[in-house]
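Here is the structure we will look at.
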Amino acid sequence: MGEGERGSAVRGRPRAVEVFAGPLPEFEPERAPADPVPLFLSWLSDAVADGVRDPHAMTLSTVDESGDPDARVLILKGVDGVGWQFAGHGFSPEGQQLAVHPRAALTFYWPEHGRQVRLRGPVTPGSAQDNATDFLGRSDTARAESLPARQSQYLVDPAERDRALERSLSLIRREPSLVDSGWTLYTLAPAEVEFCQAARGRVHTRLRYERAGEAWERFRLWP
């Protein structure tokens, strides 16, 4: 097979992968609650009950100082009437980007159910107490990993990383209540929340909630 043939085969491969194999759940927007939080929690509970892997994983999208987009997968920490919570280090790329442009988008995708939820809105950092509580709830290794505050910096020697991790672990064992002052619990208060239920025929069902003061308005969207 020549180089051109191999390239064509690779390009054509994604189209051959079956999607929305089903069976897929039903979604009736007319019966959706007035607030998006109960619907989100219902979809999340369905994913947990059906054994979807990492159902609380989400893509956090931000922009940097130049307006270039950036994204990474994080874990949802909680959801309430205020918003969706996630955590990260203030010195990390996402922390620095949110300090400049405190707005973001979150995307959840549960492929076994063909369901997607998208949110976007302003992001606010938590109080010192909220940040400390979240940090101390992490494992020893997770806390130790954050202490050097060098996430996403160039790593020349993995041995240097291992030594830094061991020093941080020793410090945490000596001072179990130690808190990294840079660790931050963020809350995204969405201005929009969109729910999408896929269909095998690609006529997907989409419902968007838009903030209207203290309430929400609901709109059906074209697929």
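Following the order of the structure tokens, first chain is A, next is B, and so on, with residues numbered from 1 inside each chain and ligands from 1 in the order they appear.
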Per-residue nearest contacts stretch 48-116 of chain A to stretch 14-25 of chain A, cut-off 9 Å, using only C-alpha atoms, as a tab-separated table:
```
residue	atom	partner	partner_atom	distance
A:Pro111	CA	A:Phe20	CA	7.4
A:Glu112	CA	A:Gly22	CA	7.1
A:His113	CA	A:Leu24	CA	5.4
A:Gly114	CA	A:Phe20	CA	5.9
A:Arg115	CA	A:Leu24	CA	8.8
```
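If you count only C-alpha atoms and ignore residues fewer than 4 places along the chain from stretch 186-194 of chain A, what sits within 6 Å of it is A:Gly83, A:Trp84, A:Gln85, A:Phe86, A:Ala87, A:Val117, A:Arg118, A:Leu119, A:Arg120, A:Gly121, A:Pro122, A:Val123, A:Thr124, A:Pro125, A:Gly126, A:Leu207, A:Arg208, A:Tyr209, A:Glu210, A:Arg211.
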Secondary structure check, alpha helix (DSSP H) residues of stretch 27-189 of chain A, as an MDAnalysis selection string:
chainID A and resid 36:49 93:100 128:136 140:146 158:174
Point out the residue among A:Tyr109, A:Tyr154, A:Phe219, A:Phe91 with the least atom-to-atom distance to A:Ala198, counting only C-alpha atoms.
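The closest residue to A:Ala198 is A:Tyr109.
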